[in-house]
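What's in query-v8.txt: compact mmCIF, C-alpha atoms and all ligand atoms
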```
# COMPACT_ATOMS: atom_id res chain seq x y z
CA MET Q 24 28.28 41.97 25.74
CA THR Q 25 30.83 44.09 27.60
CA SER Q 26 33.45 45.30 25.13
CA PRO Q 27 37.01 44.09 25.84
CA ILE Q 28 38.35 47.36 24.37
CA LEU Q 29 39.48 49.74 27.13
CA ASP Q 30 40.93 52.84 25.47
CA LEU Q 31 42.92 54.30 22.58
CA ALA Q 32 46.66 53.68 23.07
CA GLY Q 33 48.26 55.00 19.89
CA LEU Q 34 48.21 55.68 16.22
CA THR Q 35 50.74 55.33 13.38
CA LEU Q 36 50.77 57.67 10.39
CA GLU Q 37 52.60 57.18 7.10
CA VAL Q 38 54.84 60.09 6.06
CA ASN Q 39 57.32 60.61 3.24
CA HIS Q 40 59.79 62.75 5.18
CA LEU Q 41 60.57 61.98 8.82
CA PRO Q 42 62.51 65.13 9.78
CA GLN Q 43 59.61 67.25 8.53
CA GLY Q 44 57.25 65.10 10.60
CA VAL Q 45 59.44 65.45 13.67
CA ARG Q 46 59.51 69.22 13.24
CA PHE Q 47 55.74 69.47 12.85
CA TYR Q 48 54.81 67.17 15.71
CA THR Q 49 57.36 68.58 18.18
CA GLN Q 50 56.89 72.26 17.27
CA VAL Q 51 53.18 72.55 16.44
CA LEU Q 52 51.79 69.81 18.71
CA GLY Q 53 54.58 70.01 21.29
CA LEU Q 54 54.88 66.22 21.57
CA THR Q 55 57.90 64.66 23.30
CA LEU Q 56 60.12 62.80 20.83
CA LEU Q 57 60.87 59.28 22.14
CA GLU Q 58 62.87 58.00 19.16
CA HIS Q 59 63.85 59.11 15.65
CA ASP Q 60 65.53 56.39 13.60
CA GLU Q 61 66.03 57.27 9.93
CA GLU Q 62 67.37 53.78 9.11
CA ARG Q 63 64.20 52.10 10.33
CA GLY Q 64 62.01 54.96 9.13
CA VAL Q 65 60.45 55.49 12.55
CA ALA Q 66 59.72 58.53 14.72
CA ARG Q 67 57.74 58.00 17.90
CA PHE Q 68 56.30 60.59 20.29
CA GLU Q 69 54.75 60.56 23.73
CA VAL Q 70 51.34 62.25 23.71
CA ASN Q 71 50.71 61.68 27.42
CA PRO Q 72 51.69 58.88 29.84
CA ALA Q 73 49.15 56.50 28.20
CA GLN Q 74 49.23 57.41 24.48
CA THR Q 75 51.78 57.62 21.67
CA LEU Q 76 51.86 58.89 18.10
CA THR Q 77 54.20 57.18 15.60
CA LEU Q 78 55.35 58.15 12.12
CA TRP Q 79 56.54 55.53 9.64
CA LYS Q 80 58.34 56.30 6.42
CA PRO Q 81 57.86 53.29 4.16
CA ILE Q 82 61.12 51.78 2.86
CA THR Q 83 61.24 49.10 0.19
CA ARG Q 84 61.92 45.54 1.40
CA GLN Q 85 61.97 46.68 5.01
CA ALA Q 86 59.28 46.62 7.69
CA ASN Q 87 59.16 49.67 9.98
CA ASP Q 88 58.23 47.27 12.78
CA PRO Q 89 59.60 43.76 12.11
CA ARG Q 90 57.10 42.28 14.58
CA LEU Q 91 54.27 43.35 12.29
CA ALA Q 92 55.96 42.36 9.01
CA PRO Q 93 53.78 39.21 8.59
CA LEU Q 94 50.73 41.49 8.62
CA ARG Q 95 52.24 43.98 6.11
CA ALA Q 96 51.41 46.81 8.53
CA ARG Q 97 51.66 50.39 7.25
CA GLY Q 98 51.11 53.75 8.79
CA ALA Q 99 47.81 55.36 7.86
CA SER Q 100 47.43 57.58 4.83
CA HIS Q 101 45.22 60.73 4.78
CA LEU Q 102 43.73 59.83 8.16
CA HIS Q 103 41.39 62.05 10.15
CA TYR Q 104 42.00 62.02 13.88
CA ALA Q 105 41.22 64.33 16.80
CA TRP Q 106 43.03 65.74 19.80
CA GLN Q 107 41.43 66.48 23.17
CA ILE Q 108 41.89 69.98 24.52
CA ARG Q 109 40.23 72.04 27.24
CA PRO Q 110 37.38 74.12 25.75
CA GLU Q 111 38.99 77.32 27.01
CA ASP Q 112 42.13 76.45 25.02
CA LEU Q 113 40.31 76.42 21.68
CA ASP Q 114 40.53 80.16 20.96
CA PRO Q 115 44.20 80.49 21.94
CA SER Q 116 44.88 77.43 19.74
CA LYS Q 117 43.56 79.26 16.69
CA ALA Q 118 46.13 82.00 17.33
CA ILE Q 119 48.86 79.35 17.66
CA LEU Q 120 47.82 77.79 14.33
CA ASP Q 121 47.95 81.28 12.76
CA GLU Q 122 51.45 81.78 14.18
CA HIS Q 123 52.56 78.57 12.47
CA GLY Q 124 50.96 79.69 9.22
CA LEU Q 125 48.41 76.86 9.24
CA THR Q 126 44.96 77.27 7.76
CA TRP Q 127 42.10 76.05 9.97
CA THR Q 128 38.33 75.65 9.77
CA GLU Q 129 35.94 75.92 12.70
CA ILE Q 130 32.66 74.00 12.84
CA ASP Q 131 30.13 73.95 15.69
CA LEU Q 132 29.08 70.34 16.27
CA GLY Q 133 26.80 71.27 19.18
CA THR Q 134 23.44 72.97 19.52
CA PRO Q 135 22.54 76.64 20.12
CA GLU Q 136 21.95 75.77 23.80
CA ARG Q 137 25.19 73.82 24.10
CA PRO Q 138 27.79 74.82 21.48
CA ASP Q 139 30.60 72.34 20.75
CA PRO Q 140 33.04 74.20 18.49
CA THR Q 141 35.82 72.18 16.92
CA VAL Q 142 38.81 73.24 14.82
CA TYR Q 143 40.19 71.29 11.84
CA PHE Q 144 43.55 71.61 10.07
CA PHE Q 145 45.99 69.43 8.12
CA ASP Q 146 49.52 68.23 8.86
CA PRO Q 147 52.13 68.45 6.06
CA PHE Q 148 51.28 64.89 4.93
CA GLY Q 149 47.56 65.27 4.32
CA HIS Q 150 46.41 63.82 7.65
CA GLY Q 151 43.38 65.73 8.92
CA LEU Q 152 43.68 66.88 12.53
CA GLU Q 153 40.96 68.23 14.82
CA LEU Q 154 41.00 69.99 18.18
CA ARG Q 155 37.95 68.99 20.24
CA GLY Q 156 37.11 70.40 23.62
CA VAL Q 157 36.47 67.90 26.41
CA ASP Q 158 34.83 68.46 29.80
CA LEU Q 159 37.31 67.07 32.31
CA ALA Q 160 34.54 66.87 34.93
CA ASP Q 161 32.24 64.74 32.73
CA GLU Q 162 31.44 61.41 34.35
CA ARG Q 163 31.99 59.45 31.10
CA GLN Q 164 35.70 58.94 31.74
CA PRO Q 165 37.94 56.71 29.60
CA ALA Q 166 40.36 54.23 31.20
CA TYR Q 167 43.12 56.87 30.98
CA PRO Q 168 41.40 60.22 31.55
CA PRO Q 169 42.84 63.23 29.75
CA ALA Q 170 44.73 65.79 31.83
CA PRO Q 171 46.66 68.91 30.88
CA VAL Q 172 50.24 68.18 29.75
CA ALA Q 173 53.06 70.75 29.85
CA ARG Q 174 53.87 71.74 26.25
CA PRO Q 175 56.55 74.08 24.92
CA PRO Q 176 55.61 77.71 24.14
CA HIS Q 177 53.84 78.16 20.77
CA ALA Q 178 52.69 74.51 20.77
CA LEU Q 179 49.03 73.50 20.86
CA PRO Q 180 47.91 72.54 24.41
CA VAL Q 181 46.67 69.05 23.42
CA MET Q 182 45.93 66.55 26.20
CA GLY Q 183 45.32 63.29 24.36
CA LEU Q 184 44.16 61.46 21.26
CA ARG Q 185 40.35 61.51 21.08
CA GLU Q 186 39.27 59.72 17.93
CA VAL Q 187 40.50 57.95 14.84
CA ALA Q 188 38.45 57.77 11.62
CA LEU Q 189 39.11 54.84 9.29
CA ALA Q 190 37.81 54.19 5.79
CA PHE Q 191 36.21 50.85 4.93
CA GLY Q 192 35.35 50.05 1.31
CA ASP Q 193 32.77 47.45 2.35
CA TYR Q 194 30.88 49.49 4.93
CA GLU Q 195 28.11 46.95 5.60
CA ALA Q 196 30.58 44.12 6.26
CA MET Q 197 32.59 46.41 8.58
CA LEU Q 198 29.45 47.24 10.61
CA GLU Q 199 29.00 43.57 11.47
CA ARG Q 200 32.68 42.64 11.69
CA LEU Q 201 34.03 45.27 14.11
CA PRO Q 202 31.81 44.19 17.04
CA ARG Q 203 31.92 40.49 16.15
CA ALA Q 204 35.64 40.04 15.34
CA TYR Q 205 37.19 42.41 17.92
CA GLY Q 206 34.42 43.38 20.34
CA PHE Q 207 34.20 47.11 19.52
CA ALA Q 208 31.16 48.73 21.19
CA PHE Q 209 28.86 50.04 18.44
CA ALA Q 210 27.31 53.34 19.56
CA LYS Q 211 25.43 54.66 16.54
CA GLU Q 212 25.32 55.54 12.88
CA GLN Q 213 24.81 58.96 11.33
CA PRO Q 214 21.41 59.19 9.62
CA ASP Q 215 22.69 60.88 6.45
CA ARG Q 216 26.08 59.24 5.83
CA ASN Q 217 27.71 55.83 6.06
CA PHE Q 218 29.41 56.77 9.30
CA ALA Q 219 29.49 54.50 12.37
CA GLN Q 220 30.70 55.43 15.84
CA PHE Q 221 32.29 52.91 18.20
CA THR Q 222 32.94 53.83 21.84
CA LEU Q 223 36.39 52.75 23.05
CA GLY Q 224 35.19 51.50 26.40
CA PRO Q 225 33.08 48.78 27.99
CA GLY Q 226 29.81 49.81 26.37
CA PRO Q 227 28.25 52.18 23.83
CA GLU Q 228 27.81 55.77 24.99
CA PRO Q 229 26.46 58.95 23.40
CA ASP Q 230 29.14 61.02 21.70
CA GLY Q 231 29.38 64.79 22.00
CA ASN Q 232 28.74 67.36 24.74
CA GLY Q 233 32.36 67.34 25.78
CA THR Q 234 32.74 63.65 26.50
CA PRO Q 235 36.33 62.75 27.42
CA ARG Q 236 35.79 59.24 25.99
CA ARG Q 237 37.82 57.96 23.02
CA TRP Q 238 36.24 56.85 19.73
CA LEU Q 239 36.74 54.76 16.63
CA TYR Q 240 34.83 56.19 13.67
CA ALA Q 241 34.36 54.07 10.58
CA TRP Q 242 33.22 55.49 7.24
CA ASP Q 243 32.91 54.37 3.70
CA PRO Q 244 35.33 56.23 1.42
CA GLN Q 245 33.94 59.77 1.64
CA VAL Q 246 35.03 63.34 2.21
CA GLY Q 247 33.74 64.16 5.68
CA LEU Q 248 33.46 67.43 7.60
CA ALA Q 249 36.18 70.00 6.81
CA ASP Q 250 37.34 67.90 3.83
CA MET Q 251 38.65 65.12 6.08
CA PHE Q 252 39.15 61.55 4.81
CA GLY Q 253 38.96 58.34 6.79
CA GLY Q 254 42.41 56.71 6.80
CA ASP Q 255 43.55 53.82 4.66
CA HIS Q 256 45.81 50.99 5.91
CA ALA Q 257 46.00 52.44 9.42
CA HIS Q 258 47.91 50.96 12.33
CA VAL Q 259 46.01 51.69 15.57
CA ARG Q 260 46.76 50.45 19.08
CA PHE Q 261 44.10 49.86 21.71
CA TYR Q 262 44.27 48.98 25.39
CA ALA Q 263 42.20 45.85 25.77
CA ASP Q 264 41.53 42.62 27.57
CA VAL Q 265 43.86 40.87 25.13
CA GLU Q 266 42.69 37.32 25.89
CA ALA Q 267 39.07 38.27 25.27
CA VAL Q 268 39.95 39.89 21.93
CA ARG Q 269 42.12 36.89 21.00
CA SER Q 270 39.25 34.49 21.38
CA LEU Q 271 37.03 36.65 19.12
CA VAL Q 272 39.79 37.06 16.51
CA ARG Q 273 40.50 33.32 16.55
CA THR Q 274 36.83 32.53 15.92
CA GLU Q 275 36.85 35.03 13.05
CA GLY Q 276 39.99 33.41 11.63
CA LEU Q 277 41.84 36.67 10.97
CA PRO Q 278 45.64 36.75 10.43
CA CYS Q 279 47.36 37.78 13.65
CA VAL Q 280 50.72 37.79 15.42
CA GLN Q 281 51.67 37.82 19.07
CA THR Q 282 53.55 41.04 19.95
CA GLY Q 283 55.01 40.62 23.41
CA GLU Q 284 52.00 40.73 25.68
CA GLY Q 285 49.84 42.08 22.88
CA LEU Q 286 48.06 40.80 19.80
CA ALA Q 287 48.19 42.40 16.33
CA VAL Q 288 45.51 41.56 13.77
CA ARG Q 289 45.19 42.39 10.07
CA ASP Q 290 41.66 43.47 9.27
CA PRO Q 291 40.37 42.39 5.84
CA GLU Q 292 40.40 46.09 4.78
CA GLY Q 293 44.16 46.31 5.45
CA HIS Q 294 44.09 48.11 8.79
CA VAL Q 295 46.27 46.53 11.48
CA PHE Q 296 44.85 46.69 14.99
CA GLU Q 297 47.13 46.04 17.92
CA PHE Q 298 45.59 45.15 21.28
CA VAL Q 299 47.83 45.63 24.30
CA PRO Q 300 47.27 45.09 28.01
CA PRO Q 301 46.58 48.23 30.03
CA PRO Q 302 49.60 49.69 31.81
CA PRO Q 303 49.33 50.35 35.54
CA ARG Q 304 47.62 53.67 36.20
CA GLN Q 305 49.85 56.48 37.34
CA GLY Q 306 49.22 58.57 40.42
FE FE Q 401 36.35 64.28 13.92
```

Spell out the structure here as structure tokens.
Ligand SMILES: [Fe+2]
Amino acid sequence: MTSPILDLAGLTLEVNHLPQGVRFYTQVLGLTLLEHDEERGVARFEVNPAQTLTLWKPITRQANDPRLAPLRARGASHLHYAWQIRPEDLDPSKAILDEHGLTWTEIDLGTPERPDPTVYFFDPFGHGLELRGVDLADERQPAYPPAPVARPPHALPVMGLREVALAFGDYEAMLERLPRAYGFAFAKEQPDRNFAQFTLGPGPEPDGNGTPRRWLYAWDPQVGLADMFGGDHAHVRFYADVEAVRSLVRTEGLPCVQTGEGLAVRDPEGHVFEFVPPPPRQG
């Protein structure tokens, strides 16, 4: 089956202090602030023309996004996610992290013949971030290929969101449900951990070696590389063929709401997935 999922559109994180989140994500990541509304507990940033990052501060008796209130959507807690950068920007990024006083860990995920160094660090809220080099000339291009974005001085030169890692308490059920209920393209499992990789594109592809593709990783509750956790109760947005996803979700019988042209679904593990139509490509 061709997967109806086209690309990663955005991610929402739960934070307990919005101004601190706005400072971190504008100053360290250099993201463009689109809105900051303390009353609604929302700060939203542009990552690039196709992707956004959102922070939600939970407020009692109030939904951060009223459209998603029936699904009890929350931002993710302690979520591991990765940013795409150019490989040559990795070393300068370590110096930028040092300048901001952030501790980082480097791990080589490649082979001696083809190194694939990656750098991990945490935001002030316990979300685990990663900088992963991507080969812009690789032929495995996502729907919205990464490209350099102008960032302020002293900000990390991130291009786009690469991957999101979610925790699932019932790992075996998740392995069957994600392809069946939403159409995610299962790529592979790690041999030594309960860790599944889904390619966000029409079909499964090999990960690694600088692929510019985007990924959904799904783990059981575990501490992964560099002490990273998979996120709980995440809200993740995907570009998709919404009608194709809707027919799968309807067959599965999952709770969902219509959100404009999109569809939001509450997964049995408490994650809320939003599927939105692809915007017209720029340039
Ligand atoms: Fe990662």

Can you pull out the residues contacting Pro81 in chain Q? Cut-off 10 Å, using only C-alpha atoms, and skip same-chain residues under 6 positions away; I want them as an MDAnalysis selection string. chainID Q and resid 37:40 63:65 87 97:98

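You can rank Q:Val288, Q:Leu94, Q:Leu152, Q:Ala73 by their closest distance to ligand FE 401 (chain Q) using only C-alpha atoms and all ligand atoms, and at the top of that list sits Q:Leu152.
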
Using only C-alpha atoms and all ligand atoms, find each residue with an atom at most 7 Å away from ligand FE 401 (chain Q) and format the answer as a ChimeraX atom specification. /Q:103-105,153,186

Go ahead and compute the interatomic distance for CA of Gly206 in chain Q and CA of Ile28 in chain Q, in Å to one decimal.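 The value is 6.9 Å.
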
Neighbour residues at most 8 Å from (49.1, 54.3, 13.9) (all atoms listed in the file) as a list in words: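 Neighbouring residues, ordered by chain and number, come to Gly33, Leu34, Thr35, Leu36, Leu76, Thr77, Leu78, Gly98, Ala99, Ala257, His258, Val259 and Arg260 of chain Q.
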
Residues of range 165-281 of chain Q that have any atom at most 10 Å from an atom of range 129-149 of chain Q: could you tabulate them with the shortest-distance atom pair and the distance in Å to one decimal, using only C-alpha atoms, ordered by chain and increasing number, as CSV?
```
residue,atom,partner,partner_atom,distance
Q:Gly231,CA,Q:Gly133,CA,7.5
Q:Asn232,CA,Q:Asp139,CA,6.6
Q:Gly233,CA,Q:Asp139,CA,7.3
Q:Leu248,CA,Q:Ile130,CA,8.4
Q:Ala249,CA,Q:Tyr143,CA,6.6
Q:Asp250,CA,Q:Tyr143,CA,9.2
Q:Met251,CA,Q:Tyr143,CA,8.6
Q:Phe252,CA,Q:Gly149,CA,9.2
```

I'd like the interatomic distance between CA of Arg109 in chain Q and CA of Gly156 in chain Q, to a tenth of an Å.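 Separation of CA of Arg109 in chain Q and CA of Gly156 in chain Q: 5.1 Å.
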
Counting only C-alpha atoms, closest pick from Q:Gly253, Q:Pro168, Q:Pro176, Q:Gly224 relative to Pro72 in chain Q is Q:Pro168

Please reconstruct the missing atoms of range 63-94 of chain Q (target: N, CA and C atoms) and return them as a PDB file, in the coordinates of the input.
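Final output, out_30.pdb:
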```pdb
ATOM      1  N   ARG Q  63      65.420  52.908  10.237  1.00  0.00           N
ATOM      2  CA  ARG Q  63      64.200  52.100  10.330  1.00  0.00           C
ATOM      3  C   ARG Q  63      62.976  52.866   9.835  1.00  0.00           C
ATOM      4  N   GLY Q  64      63.142  54.165   9.604  1.00  0.00           N
ATOM      5  CA  GLY Q  64      62.010  54.960   9.130  1.00  0.00           C
ATOM      6  C   GLY Q  64      60.955  55.140  10.187  1.00  0.00           C
ATOM      7  N   VAL Q  65      61.394  55.401  11.437  1.00  0.00           N
ATOM      8  CA  VAL Q  65      60.450  55.490  12.550  1.00  0.00           C
ATOM      9  C   VAL Q  65      60.712  56.742  13.389  1.00  0.00           C
ATOM     10  N   ALA Q  66      59.660  57.486  13.685  1.00  0.00           N
ATOM     11  CA  ALA Q  66      59.720  58.530  14.720  1.00  0.00           C
ATOM     12  C   ALA Q  66      58.534  58.296  15.642  1.00  0.00           C
ATOM     13  N   ARG Q  67      58.805  58.315  16.943  1.00  0.00           N
ATOM     14  CA  ARG Q  67      57.740  58.000  17.900  1.00  0.00           C
ATOM     15  C   ARG Q  67      57.702  59.085  18.962  1.00  0.00           C
ATOM     16  N   PHE Q  68      56.491  59.485  19.342  1.00  0.00           N
ATOM     17  CA  PHE Q  68      56.300  60.590  20.290  1.00  0.00           C
ATOM     18  C   PHE Q  68      55.412  60.145  21.440  1.00  0.00           C
ATOM     19  N   GLU Q  69      55.684  60.722  22.614  1.00  0.00           N
ATOM     20  CA  GLU Q  69      54.750  60.560  23.730  1.00  0.00           C
ATOM     21  C   GLU Q  69      53.717  61.676  23.641  1.00  0.00           C
ATOM     22  N   VAL Q  70      52.439  61.289  23.678  1.00  0.00           N
ATOM     23  CA  VAL Q  70      51.340  62.250  23.710  1.00  0.00           C
ATOM     24  C   VAL Q  70      51.029  62.601  25.166  1.00  0.00           C
ATOM     25  N   ASN Q  71      50.939  61.569  25.972  1.00  0.00           N
ATOM     26  CA  ASN Q  71      50.710  61.680  27.420  1.00  0.00           C
ATOM     27  C   ASN Q  71      51.179  60.338  27.993  1.00  0.00           C
ATOM     28  N   PRO Q  72      51.118  60.134  29.307  1.00  0.00           N
ATOM     29  CA  PRO Q  72      51.690  58.880  29.840  1.00  0.00           C
ATOM     30  C   PRO Q  72      51.028  57.609  29.291  1.00  0.00           C
ATOM     31  N   ALA Q  73      49.843  57.715  28.685  1.00  0.00           N
ATOM     32  CA  ALA Q  73      49.150  56.500  28.200  1.00  0.00           C
ATOM     33  C   ALA Q  73      49.075  56.396  26.685  1.00  0.00           C
ATOM     34  N   GLN Q  74      49.447  57.433  25.936  1.00  0.00           N
ATOM     35  CA  GLN Q  74      49.230  57.410  24.480  1.00  0.00           C
ATOM     36  C   GLN Q  74      50.466  57.854  23.707  1.00  0.00           C
ATOM     37  N   THR Q  75      50.666  57.242  22.539  1.00  0.00           N
ATOM     38  CA  THR Q  75      51.780  57.620  21.670  1.00  0.00           C
ATOM     39  C   THR Q  75      51.279  57.906  20.260  1.00  0.00           C
ATOM     40  N   LEU Q  76      52.082  58.670  19.528  1.00  0.00           N
ATOM     41  CA  LEU Q  76      51.860  58.890  18.100  1.00  0.00           C
ATOM     42  C   LEU Q  76      53.154  58.464  17.401  1.00  0.00           C
ATOM     43  N   THR Q  77      53.026  57.709  16.309  1.00  0.00           N
ATOM     44  CA  THR Q  77      54.200  57.180  15.600  1.00  0.00           C
ATOM     45  C   THR Q  77      54.113  57.567  14.134  1.00  0.00           C
ATOM     46  N   LEU Q  78      55.256  57.891  13.554  1.00  0.00           N
ATOM     47  CA  LEU Q  78      55.350  58.150  12.120  1.00  0.00           C
ATOM     48  C   LEU Q  78      56.213  57.064  11.497  1.00  0.00           C
ATOM     49  N   TRP Q  79      55.747  56.507  10.395  1.00  0.00           N
ATOM     50  CA  TRP Q  79      56.540  55.530   9.640  1.00  0.00           C
ATOM     51  C   TRP Q  79      56.752  56.045   8.231  1.00  0.00           C
ATOM     52  N   LYS Q  80      58.014  56.033   7.823  1.00  0.00           N
ATOM     53  CA  LYS Q  80      58.340  56.300   6.420  1.00  0.00           C
ATOM     54  C   LYS Q  80      58.522  54.932   5.764  1.00  0.00           C
ATOM     55  N   PRO Q  81      57.717  54.614   4.768  1.00  0.00           N
ATOM     56  CA  PRO Q  81      57.860  53.290   4.160  1.00  0.00           C
ATOM     57  C   PRO Q  81      59.164  53.176   3.379  1.00  0.00           C
ATOM     58  N   ILE Q  82      59.838  52.035   3.528  1.00  0.00           N
ATOM     59  CA  ILE Q  82      61.120  51.780   2.860  1.00  0.00           C
ATOM     60  C   ILE Q  82      61.002  50.419   2.174  1.00  0.00           C
ATOM     61  N   THR Q  83      61.438  50.353   0.924  1.00  0.00           N
ATOM     62  CA  THR Q  83      61.240  49.100   0.190  1.00  0.00           C
ATOM     63  C   THR Q  83      61.987  47.941   0.840  1.00  0.00           C
ATOM     64  N   ARG Q  84      61.364  46.800   0.872  1.00  0.00           N
ATOM     65  CA  ARG Q  84      61.920  45.540   1.400  1.00  0.00           C
ATOM     66  C   ARG Q  84      62.274  45.637   2.880  1.00  0.00           C
ATOM     67  N   GLN Q  85      61.632  46.526   3.591  1.00  0.00           N
ATOM     68  CA  GLN Q  85      61.970  46.680   5.010  1.00  0.00           C
ATOM     69  C   GLN Q  85      60.701  47.027   5.775  1.00  0.00           C
ATOM     70  N   ALA Q  86      60.457  46.311   6.867  1.00  0.00           N
ATOM     71  CA  ALA Q  86      59.280  46.620   7.690  1.00  0.00           C
ATOM     72  C   ALA Q  86      59.684  47.647   8.738  1.00  0.00           C
ATOM     73  N   ASN Q  87      58.871  48.674   8.938  1.00  0.00           N
ATOM     74  CA  ASN Q  87      59.160  49.670   9.980  1.00  0.00           C
ATOM     75  C   ASN Q  87      59.173  48.994  11.341  1.00  0.00           C
ATOM     76  N   ASP Q  88      58.268  48.036  11.541  1.00  0.00           N
ATOM     77  CA  ASP Q  88      58.230  47.270  12.780  1.00  0.00           C
ATOM     78  C   ASP Q  88      58.270  45.788  12.400  1.00  0.00           C
ATOM     79  N   PRO Q  89      59.460  45.160  12.555  1.00  0.00           N
ATOM     80  CA  PRO Q  89      59.600  43.760  12.110  1.00  0.00           C
ATOM     81  C   PRO Q  89      58.575  42.822  12.739  1.00  0.00           C
ATOM     82  N   ARG Q  90      58.096  43.153  13.935  1.00  0.00           N
ATOM     83  CA  ARG Q  90      57.100  42.280  14.580  1.00  0.00           C
ATOM     84  C   ARG Q  90      55.832  42.189  13.745  1.00  0.00           C
ATOM     85  N   LEU Q  91      55.530  43.282  13.036  1.00  0.00           N
ATOM     86  CA  LEU Q  91      54.270  43.350  12.290  1.00  0.00           C
ATOM     87  C   LEU Q  91      54.455  43.045  10.809  1.00  0.00           C
ATOM     88  N   ALA Q  92      55.692  42.634  10.429  1.00  0.00           N
ATOM     89  CA  ALA Q  92      55.960  42.360   9.010  1.00  0.00           C
ATOM     90  C   ALA Q  92      55.012  41.303   8.429  1.00  0.00           C
ATOM     91  N   PRO Q  93      54.685  40.219   9.177  1.00  0.00           N
ATOM     92  CA  PRO Q  93      53.780  39.210   8.590  1.00  0.00           C
ATOM     93  C   PRO Q  93      52.404  39.784   8.242  1.00  0.00           C
ATOM     94  N   LEU Q  94      52.047  40.895   8.876  1.00  0.00           N
ATOM     95  CA  LEU Q  94      50.730  41.490   8.620  1.00  0.00           C
ATOM     96  C   LEU Q  94      50.802  42.624   7.585  1.00  0.00           C
TER      97      LEU Q  94
END
```
